[in-house]
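J.: Sharing a structure below in structure tokens format, with a few things to ask.
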Amino acid sequence: MRVASPPRRRQAGRKATALGSLAVRPDSPTFWKEVAATPGGEEIAICVQCNTCTSSCPVEVLEPDFNIRQLVARVKLGLREDVLDDPLLWACVRCHACVAHCPKHVNPGEIVEALRYIALREGKEGPGPRHAKAFAKSVLQNGRIHEAGVTIDSIGWRGMAAQGVLAVQMLRRGKAPSLRPHPLKSIREVQALIAAAGEME
Amino acid sequence: MTEKRKLGVFLCHCGGNISDVVDVKAVRESIEKQDGVVLATDFRFMCSNEGQERLQKEIRERGLDGVVVACCTPKMYEDLFRQKAEEAGMNPYLLEIANIREQCSYAHRFEKDKATEKAKVLVRGQVEKVRHLKPLEVKTAPIQPGVAVIGAGIAGIHASLLLANLGHKVTLIEKSPTIGGNMARTVKTFPTDDCAMCTLSPKMNEVYNHERIDLVTYAEVKEAKRSPGKFTLVVEKKPRYVTDACIGCNRCTEKCPVSTAKSPVSVESEWDQGLTKRKAIYLPFPQALPQLWTIDADHCFYFQRGGKCRVCAMVCPAKAIDFTMKPERLDLEVGAVIVATGYQEYDPTPLRLYGFGREPNVLTQMQVARMLDSMGPTKGTVSRPSDGRAADSIVMVQCVGSRGAPGDPLTHEYCSRVCCMVAVKHAQLIKKARPDTEVYVLYNDLRAYGKGFEEYYVHSMELGVKYVRGLPGKVRKEGARLLVDVDDMLTGRRLEIPADVVVLSAAMEPTPVDDLLKSLKLDTSPDGFVKEYHAKINPTETAVKGVFVAGCAQGPKDITDSISQAGAAAMSAAVFLGGGEMTLNPLVAEVDAALCRACDRCMEVCEFDAVKVDPEMLIAVVDETACEGCGKCTVVCPTGAISVRQFTKPQIVASIDAMAPMAVSP
Amino acid sequence: MRYAYFPGCVATDSCGELDQATRAVAAHLGIELVDLEEAACCGAGNLQEANPKAALALNARTLSMAEAQGVDLLTVCGTCQMYLARANRELQDPATREKVNAVLARVDRRYEGRVRVRHLLQVLLEDIGPRKLAANVRRPLGDLNVGAFYGCHLLRAPGSEAFDDPEEPRRIEELITVLGGRPVTYGGRTSCCGFHVLTVREDLALRMAGGELLEAKAAGAQVLATPCPLCHLVLDAYQGRAGKAVGAQAGLPILHLSQLVGLALGIDPERLGVKRHLVPVAPVVRALEEREVLRA
Amino acid sequence: MTFEPEIAAFCCNWCGYSAADQAGAAKLTYPSSVRILRLMCTGMMDPYYVLRAFERGFDGVLVVGCHPGSCHYKSGNLQAADQMKRVASILRALGLGEERLLMTAASAAEGGVFADTATAFTEKVRKMGPSPLREA
């Protein structure tokens, strides 16, 4: 039987105290209620930790520190900062395999959506939030995604450089995304809609 | 106007509990003046022998025709005082209790004068009520002797034996051609590893040969009407097309063309849970009782293809084949019914991720049970249906179809209780038979809660069964084998377990018996099983008097619990049947024929199917054996035709008026 | 056969060839595409996380544009299908729809919920139908081993379970067979290309894509067909870097369904934009042209 | 002399009445002007009894049955709740105000609940003053 995941590294994303302890305090017991009130998190209460979701997850195979069942358990236990500060919250590829397989229809994938919404609202930093904010900015400014702009905002020029020869190859084949954004003619309408949507309860 | 009454009021001091707070003398004096009260007396202990003798003496000497005993709560001595009144010659139902202790002296012990005032009001209220009471006779109604037990699994069999041995006439009705139910198909039973048939067949034989048990197999209850003290069942006995002359030589099955290689029609054997095919004429399993072959008319060529094929009739040495047999209709009258219709295994096909139905090597636990049976399709070894090779690696998956999402139509929300132990049982049976087989049990919570279960679970570990905490993400194909993706919480590792066979521990769901339940007026609980009278305190009776439930029909349970519940159901039924007579609760509804407009309103609200409008007479008739006296009908009846004895409108209004501030003399 | 055409963002930018190919195939098969130039982005999950209400409102606006034309909405991307179909399902609830319509009214639009969101694969197999498609094939795929790469969102978009079995899909294989090709199945065909974490955890995306490419190669696939521009971008443009991440180059040309169908229909490869691919598609095109059947 | 409201309390034999017994046994007190009448089930609670009680001068009517789902006769308490809602509208029409009628539940083990409810309801009716139907 092939053991698919490499040995476990130190739990990424957990802040050690001065003495190096990784112990966390369950600091917000009603965190699960907050998530349940956020779109996507409605059914979190009835998760019985059966692990079908983690068994279906394509990310966990490659990154054992990302464990969707454990993430839900950490929410239910009230480890708010431990969850919202975890960079791996942004490692989920949104493939919805867990949502399809969950026997209790708890929709773990959509719980990640809810957690990211809360993390963004609280101004958490990191590559994940940066990409989400870049994406939202592009929609607000252009109505659609300006690929080049979003990528540069997300990974910065240093990140672009790390792409190495890829950018050149794409340029040569005319596959490079356009550097100039093409906002929709009705971008005013889109912006008015986004503003109005904000007031929708 | 009510005629002149001779009412007696007896006030109890309760040794100070009442008299320390309530001025009993003042209450007595005020009651004496009340119309119809010929005696108002008080005594230190009404409930003592002396108190009771005083009561009886006064009743006899003064010919009292109504008594109010003002003492403690009626829950304590109402029955005692009524019994004493009856001995003294007065109709017991003309005696009422005024609760001047718990609901007066105890509750208002700091306000003596208010308590005294209240005592007067309470007694006055009961006196007015007694004035309007009518004498009641405690009637008895005959109960039809005999019990019908529906379903001949272990629960039905056990209940039938107990009742028959008690002397009751039992009719045991079984839908399939043989008795034995699901237990007969399980190879061994946990946690004792007894061979299922060894423990079951003696009981089956005992049922088969018992002179007070009438066994009706291959038959279904088409209709069950309840009437006072009796259930009338219409049972349809399907024709077997095989007469009793059958000597069991099995030649017909050997020669029957159905399910052979060339045959256009093939039938999956229900007994082997679809692992094998069976002929149109068949005996479900060797120890089947009755030992009678059966022709399945839906697949038999004679019936389906114009009556040309008569192979079985030709080869039968005993000439036992008779195509002309017709369904028999059996009318049955019994006093009690026990529903023991059992369970069926959940079909995991809707759970696409497990691949049941798509991958031939994905099985259910019942199919594995059939494989482990030495007489079974694979002679005792768990093998791959795809190529028949013995399985070297087996992965079992728990909670398949159980513990699902609330309201999900494809699965059940409840835990089926037994599948964990079934998995442990099959795992260690496999390890004992072929020790080097790798067996994995993928579980969420392994529930080994019963007597001897933990030891059984730990023993399976000693045999090398591997337990993985986590349900799989997907069962997929890898060449000739299957691959099970599962993340194991215990080791924190993500595993890909190659498996020759994947076994799904499928849920238990109720056998579909909706028509039977509808005709018995039984409802089901949200999980679809038969609803017991009370989930905690009364799990064997049902809302319908005289109908009891036992075994998995009432909810998932193992054989041990089924037997205990069957025993309880049998005892409840025996108590209900009693000596053939049922004492009726007099405080039930009765109908004043003159006022009844046959509008059915009472029937609509009655939860106990206790009142029906007689079609010819067009008057509502109360079935006093079923009515519980709750009075719902009295409120919806537009003309006040129906009322509950001792709680009629005039009687209640009388006590309201008597206790009201602006007391108005009637 | 008229649809409101919603190409999405990537199919008109870095993978512009897919928009080209879709228009060519549509023209060839007589499908009229009504352009929704002013439709906004479907949110791709990102906007759903950052601002779910705005995402729902924008998708409702797109759906109302299609409804105004009285046609269904055609997508060519798994992710667009997922999030537009999800918004459409939420908007079937009258209360939610009224709430969103109140917002849409600000920009004098309204959505009644009558539009169906359909992917190119559904339109090809259900509306055009296998017989008509086969009749139009000029370059049968012949003995070309074509592997299907479903990706994840198309299989899990609301309502997709009625079109294909999410656990063991076979609709793309069906399409390949109709086009005269030989479908090749392999384990990774229903797993994820990792596009959605490309800018956050690129290593994960590359290892996912790399693994799946090698699995397809091992199963004998000579070209992969995918219904989604995001998978197309990762599997084609990032195939080199993915190969490095898993230590072996698959060298598999990647075709979006629109291009595969375009080639089979005999459309000039230039108009299908195959030149823009990083993994050269030329060998596949040459193999097909040799067996081109010039039908009347 | 403060106004002492007279309350008619219709209690079901299995829950309300037993709760009152338990309150007494536990020596809990509640106003003595609460007069308890025993019914087998609140299901037999007829709107007429409420109107009759008010007509005869009671200032408030209390109906104490079982909690939903634990009625000895399965659904008597549910029918009572519907009937009391109907009679509440009649009380409103009569100008008596529906607050003078309260349908509640107390199980056989909730003597405390019975005592508190009886006390609180009597206080509420006391604040509302005597029933308009009462003579001066």
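Following the order of the structure tokens, chains are lettered A, B, ..., residues in each are numbered from 1, and ligands are numbered from 1.
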Kindly determine which residues of chain A lie within 12 Å of chain B, considering only C-alpha atoms, and give the answer as a PyMOL selection string.

T.: chain A and resi 1-9+43-70+97-107

J.: Please report as a PyMOL selection string which residues of chain C come no farther than 8 Å from chain A, using only C-alpha atoms.

T.: chain C and resi 9-10+13-16+37-41+45-54+57-58+99-100+103-104+106-107+152-153+156+191-192+194-197+199-201+204+207-208+237-238+275-278

J.: Mind writing the picked residues with C-alpha atoms as a CSV table (one decimal), in the first residue's frame?

T.:
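Dumped to out_14.csv:
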chain,number,residue,atom,x,y,z
C,9,CYS,CA,-12.3,36.4,-18.9
C,10,VAL,CA,-9.5,34.0,-19.6
C,13,ASP,CA,-7.5,37.3,-22.9
C,14,SER,CA,-4.6,34.9,-22.4
C,15,CYS,CA,-6.5,32.0,-24.1
C,16,GLY,CA,-8.2,34.2,-26.7
C,37,GLU,CA,-20.2,42.5,-24.5
C,38,GLU,CA,-21.3,44.3,-21.3
C,39,ALA,CA,-21.6,41.1,-19.1
C,40,ALA,CA,-19.4,41.2,-16.0
C,41,CYS,CA,-17.1,38.5,-14.6
C,45,GLY,CA,-15.1,32.0,-6.5
C,46,ASN,CA,-12.9,34.9,-5.7
C,47,LEU,CA,-15.6,37.6,-5.7
C,48,GLN,CA,-17.9,35.1,-4.0
C,49,GLU,CA,-15.5,35.2,-1.1
C,50,ALA,CA,-14.6,38.9,-1.1
C,51,ASN,CA,-18.1,40.2,-1.8
C,52,PRO,CA,-20.8,37.5,-2.2
C,53,LYS,CA,-23.7,40.0,-2.6
C,54,ALA,CA,-21.9,41.8,-5.4
C,57,ALA,CA,-25.9,40.8,-8.3
C,58,LEU,CA,-23.4,40.8,-11.2
C,99,LYS,CA,-34.1,41.1,-3.0
C,100,VAL,CA,-31.7,41.0,-6.0
C,103,VAL,CA,-30.9,46.0,-6.5
C,104,LEU,CA,-31.0,45.4,-10.3
C,106,ARG,CA,-31.2,50.6,-9.6
C,107,VAL,CA,-29.8,49.9,-13.0
C,152,CYS,CA,-13.6,19.8,-11.4
C,153,HIS,CA,-16.2,22.6,-11.7
C,156,ARG,CA,-20.0,19.8,-9.8
C,191,SER,CA,-9.4,15.8,-10.5
C,192,CYS,CA,-8.3,19.4,-10.3
C,194,GLY,CA,-5.0,23.7,-9.5
C,195,PHE,CA,-5.6,27.0,-11.4
C,196,HIS,CA,-7.4,28.6,-8.4
C,197,VAL,CA,-4.2,28.5,-6.3
C,199,THR,CA,-1.0,32.8,-7.7
C,200,VAL,CA,-1.1,31.7,-4.0
C,201,ARG,CA,0.5,28.2,-3.9
C,204,LEU,CA,0.6,22.8,-5.5
C,207,ARG,CA,2.4,19.3,-8.9
C,208,MET,CA,-1.4,18.6,-9.4
C,237,ALA,CA,1.2,27.1,-20.8
C,238,TYR,CA,2.4,25.8,-17.5
C,275,LYS,CA,-0.4,28.4,-33.0
C,276,ARG,CA,-0.7,30.2,-29.7
C,277,HIS,CA,-0.3,27.0,-27.7
C,278,LEU,CA,3.1,26.5,-25.9

J.: Would you pick out the contacts of Phe6 of chain C at 8 Å or less, using only C-alpha atoms, so that residues sharing its chain but fewer than 6 positions from it are not included, and give the list as a PyMOL selection string?

T.: chain C and resi 35-36+39+73-76

J.: Please identify which residues in segment 2-180 of chain A DSSP calls alpha helix (DSSP H) from the backbone, and express them as a PyMOL selection string.

T.: chain A and resi 31-36+52-56+58-62+68-77+80-84+97-101+108-121+127-142+147-162+165-172

J.: If you run DSSP on the backbone here, which positions in segment 9-249 of chain C get strand (DSSP E)? Please write them as a PyMOL selection string.

T.: chain C and resi 32-35+72-75+117-119+145-148+182-184+223-226

J.: Give the residues of chain C that lie within 9 Å of chain B; count only C-alpha atoms, and format the answer as a PyMOL selection string.

T.: chain C and resi 165-168+187

J.: At most 6 Å is the cut-off: for each residue in chain D with any atom that close to an atom of chain B, write down the nearest atom pair and the distance in Å rounded to one decimal, counting only C-alpha atoms, chain first then increasing number, as CSV.

T.:
residue,atom,partner,partner_atom,distance
D:Asp21,CA,B:Glu102,CA,5.2
D:Gly24,CA,B:Glu102,CA,4.4
D:Ala25,CA,B:Glu102,CA,5.8
D:Lys27,CA,B:Tyr106,CA,5.7
D:Leu28,CA,B:Ala107,CA,6.0
D:Thr29,CA,B:Ala107,CA,4.7
D:Cys41,CA,B:Cys630,CA,5.5
D:Gly43,CA,B:Lys632,CA,4.7
D:Met44,CA,B:Gly631,CA,4.3
D:Asp46,CA,B:Val635,CA,5.3
D:Arg56,CA,B:Met662,CA,5.5
D:Gly57,CA,B:Pro661,CA,5.6

J.: For each of D:Glu110, D:Asp59, D:Glu99, D:Glu123, take the minimum atom-to-atom distance to Val87 of chain D, counting only C-alpha atoms, then give the residue where this is smallest.

T.: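 The answer is D:Glu99, which sits nearest to Val87 of chain D.
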
J.: Need the shell around Ala80 of chain D: protein/DNA/RNA residues with any atom at most 7 Å away, counting only C-alpha atoms. Skip same-chain ones fewer than 4 positions apart. Format as a PyMOL selection string?

T.: chain D and resi 42-43+45+76+84

J.: Filtering to all heavy atoms, could you give me those residues as a compact mmCIF listing (two decimals), in the first residue's frame?

T.:
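After the write, part.txt holds the following:
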# COMPACT_ATOMS: atom_id res chain seq x y z
N THR D 42 -56.19 18.81 28.30
CA THR D 42 -56.59 20.16 27.85
C THR D 42 -57.31 20.04 26.51
O THR D 42 -57.99 20.99 26.08
CB THR D 42 -55.34 21.05 27.68
OG1 THR D 42 -54.39 20.36 26.87
CG2 THR D 42 -54.74 21.42 29.01
N GLY D 43 -57.22 18.86 25.87
CA GLY D 43 -57.94 18.65 24.61
C GLY D 43 -59.43 18.84 24.78
O GLY D 43 -60.14 19.26 23.87
N MET D 45 -60.71 21.04 26.66
CA MET D 45 -60.91 22.43 27.09
C MET D 45 -61.75 23.14 26.02
O MET D 45 -61.27 23.45 24.92
CB MET D 45 -59.55 23.12 27.25
CG MET D 45 -59.63 24.52 27.80
SD MET D 45 -60.34 24.56 29.46
CE MET D 45 -60.88 26.25 29.51
N GLY D 76 -53.77 16.25 22.37
CA GLY D 76 -54.83 17.04 23.02
C GLY D 76 -54.35 18.48 23.22
O GLY D 76 -55.06 19.44 22.93
N MET D 84 -57.70 27.82 22.07
CA MET D 84 -57.51 29.02 22.92
C MET D 84 -57.17 30.23 22.05
O MET D 84 -57.56 31.36 22.36
CB MET D 84 -56.39 28.76 23.95
CG MET D 84 -56.80 27.75 25.04
SD MET D 84 -58.40 28.16 25.81
CE MET D 84 -59.45 26.83 25.20

J.: Counting only C-alpha atoms, what is within 7 Å of Ala336 of chain B, bar same-chain residues fewer than 4 positions away, as a ChimeraX atom specification?

T.: /B:146-148,231,546-547,573

J.: Mind pulling up the distance from atom CA of Arg109 of chain C to atom CA of Gly70 of chain C?

T.: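 Going from atom CA of Gly70 of chain C over to atom CA of Arg109 of chain C, I get 14.3 Å.
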
J.: I want to know what sits within 6 Å of segment 77-81 of chain C, based on only C-alpha atoms, with residues of the same chain fewer than 6 positions away left out; could you give that as a short mmCIF file (atom, residue, chain, number, x, y, z; two decimals) with N, CA, C and O atoms, in the first residue's frame?

T.:
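Saved to part_22.cif:
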data_model
loop_
_atom_site.label_atom_id
_atom_site.label_comp_id
_atom_site.auth_asym_id
_atom_site.auth_seq_id
_atom_site.Cartn_x
_atom_site.Cartn_y
_atom_site.Cartn_z
N CYS C 42 -17.86 36.35 -13.83
CA CYS C 42 -18.74 35.46 -13.04
C CYS C 42 -18.27 35.37 -11.60
O CYS C 42 -18.91 34.72 -10.77
N ALA C 44 -15.74 33.75 -10.34
CA ALA C 44 -14.77 32.64 -10.29
C ALA C 44 -14.46 32.20 -8.87
O ALA C 44 -13.38 31.68 -8.61
N HIS C 153 -14.94 21.82 -11.85
CA HIS C 153 -16.16 22.62 -11.69
C HIS C 153 -17.31 22.17 -12.59
O HIS C 153 -18.47 22.12 -12.17
N LEU C 154 -16.98 21.78 -13.86
CA LEU C 154 -18.08 21.41 -14.77
C LEU C 154 -18.89 20.26 -14.18
O LEU C 154 -20.12 20.21 -14.26
N CYS C 228 -12.43 23.54 -20.23
CA CYS C 228 -12.30 24.76 -19.41
C CYS C 228 -11.00 25.49 -19.75
O CYS C 228 -9.92 24.91 -19.74
N PRO C 229 -11.12 26.81 -20.06
CA PRO C 229 -9.93 27.61 -20.40
C PRO C 229 -8.91 27.65 -19.25
O PRO C 229 -7.70 27.74 -19.49
#

J.: Set the distance at 10 Å and use only C-alpha atoms: which residues neighbour Thr30 of chain A once local chain neighbours fewer than 5 positions away are removed? I'd like the list as JSON, numbers by chain.

T.: {"A": [35, 36, 75, 76, 77, 78, 79, 80]}

J.: How would the residues just picked look written out with all heavy atoms as a compact mmCIF listing (two decimals), in the first residue's frame?

T.:
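So again.txt came out as:
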# COMPACT_ATOMS: atom_id res chain seq x y z
N VAL A 35 -19.59 31.86 11.76
CA VAL A 35 -19.42 31.24 10.43
C VAL A 35 -20.77 30.77 9.91
O VAL A 35 -21.11 30.94 8.74
CB VAL A 35 -18.43 30.05 10.54
CG1 VAL A 35 -18.37 29.27 9.23
CG2 VAL A 35 -17.05 30.54 10.94
N ALA A 36 -21.60 30.24 10.81
CA ALA A 36 -22.92 29.72 10.38
C ALA A 36 -23.78 30.86 9.85
O ALA A 36 -24.65 30.65 9.00
CB ALA A 36 -23.61 29.04 11.56
N VAL A 75 -12.76 25.45 13.72
CA VAL A 75 -13.80 26.50 13.81
C VAL A 75 -14.77 26.16 14.93
O VAL A 75 -15.08 26.96 15.80
CB VAL A 75 -14.55 26.61 12.46
CG1 VAL A 75 -15.76 27.53 12.62
CG2 VAL A 75 -13.62 27.12 11.37
N LYS A 76 -15.21 24.87 14.93
CA LYS A 76 -16.24 24.48 15.91
C LYS A 76 -15.72 24.59 17.34
O LYS A 76 -16.47 24.80 18.28
CB LYS A 76 -16.72 23.05 15.62
CG LYS A 76 -17.65 22.97 14.41
CD LYS A 76 -18.08 21.54 14.12
CE LYS A 76 -19.19 21.07 15.01
NZ LYS A 76 -19.79 19.80 14.54
N LEU A 77 -14.40 24.43 17.49
CA LEU A 77 -13.82 24.48 18.85
C LEU A 77 -13.62 25.93 19.28
O LEU A 77 -13.41 26.20 20.46
CB LEU A 77 -12.46 23.73 18.83
CG LEU A 77 -11.97 23.21 20.18
CD1 LEU A 77 -13.01 22.27 20.81
CD2 LEU A 77 -10.66 22.49 20.01
N GLY A 78 -13.66 26.87 18.30
CA GLY A 78 -13.54 28.28 18.69
C GLY A 78 -12.13 28.82 18.55
O GLY A 78 -11.76 29.80 19.20
N LEU A 79 -11.28 28.18 17.70
CA LEU A 79 -9.89 28.67 17.55
C LEU A 79 -9.87 29.72 16.43
O LEU A 79 -9.34 29.50 15.34
CB LEU A 79 -8.96 27.50 17.20
CG LEU A 79 -9.06 26.28 18.15
CD1 LEU A 79 -8.16 25.17 17.66
CD2 LEU A 79 -8.65 26.72 19.56
N ARG A 80 -10.44 30.89 16.73
CA ARG A 80 -10.71 31.87 15.67
C ARG A 80 -9.43 32.37 14.99
O ARG A 80 -9.26 32.24 13.78
CB ARG A 80 -11.46 33.07 16.27
CG ARG A 80 -12.03 34.03 15.25
CD ARG A 80 -13.01 35.02 15.91
NE ARG A 80 -13.86 35.68 14.91
CZ ARG A 80 -13.47 36.73 14.21
NH1 ARG A 80 -12.23 37.22 14.37
NH2 ARG A 80 -14.27 37.30 13.34

J.: Have a look at atom CA of Lys15 of chain A and atom CA of Met160 of chain A and let me know their distance in Å, one decimal.

T.: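 About the pair atom CA of Lys15 of chain A and atom CA of Met160 of chain A: they are 29.3 Å apart.
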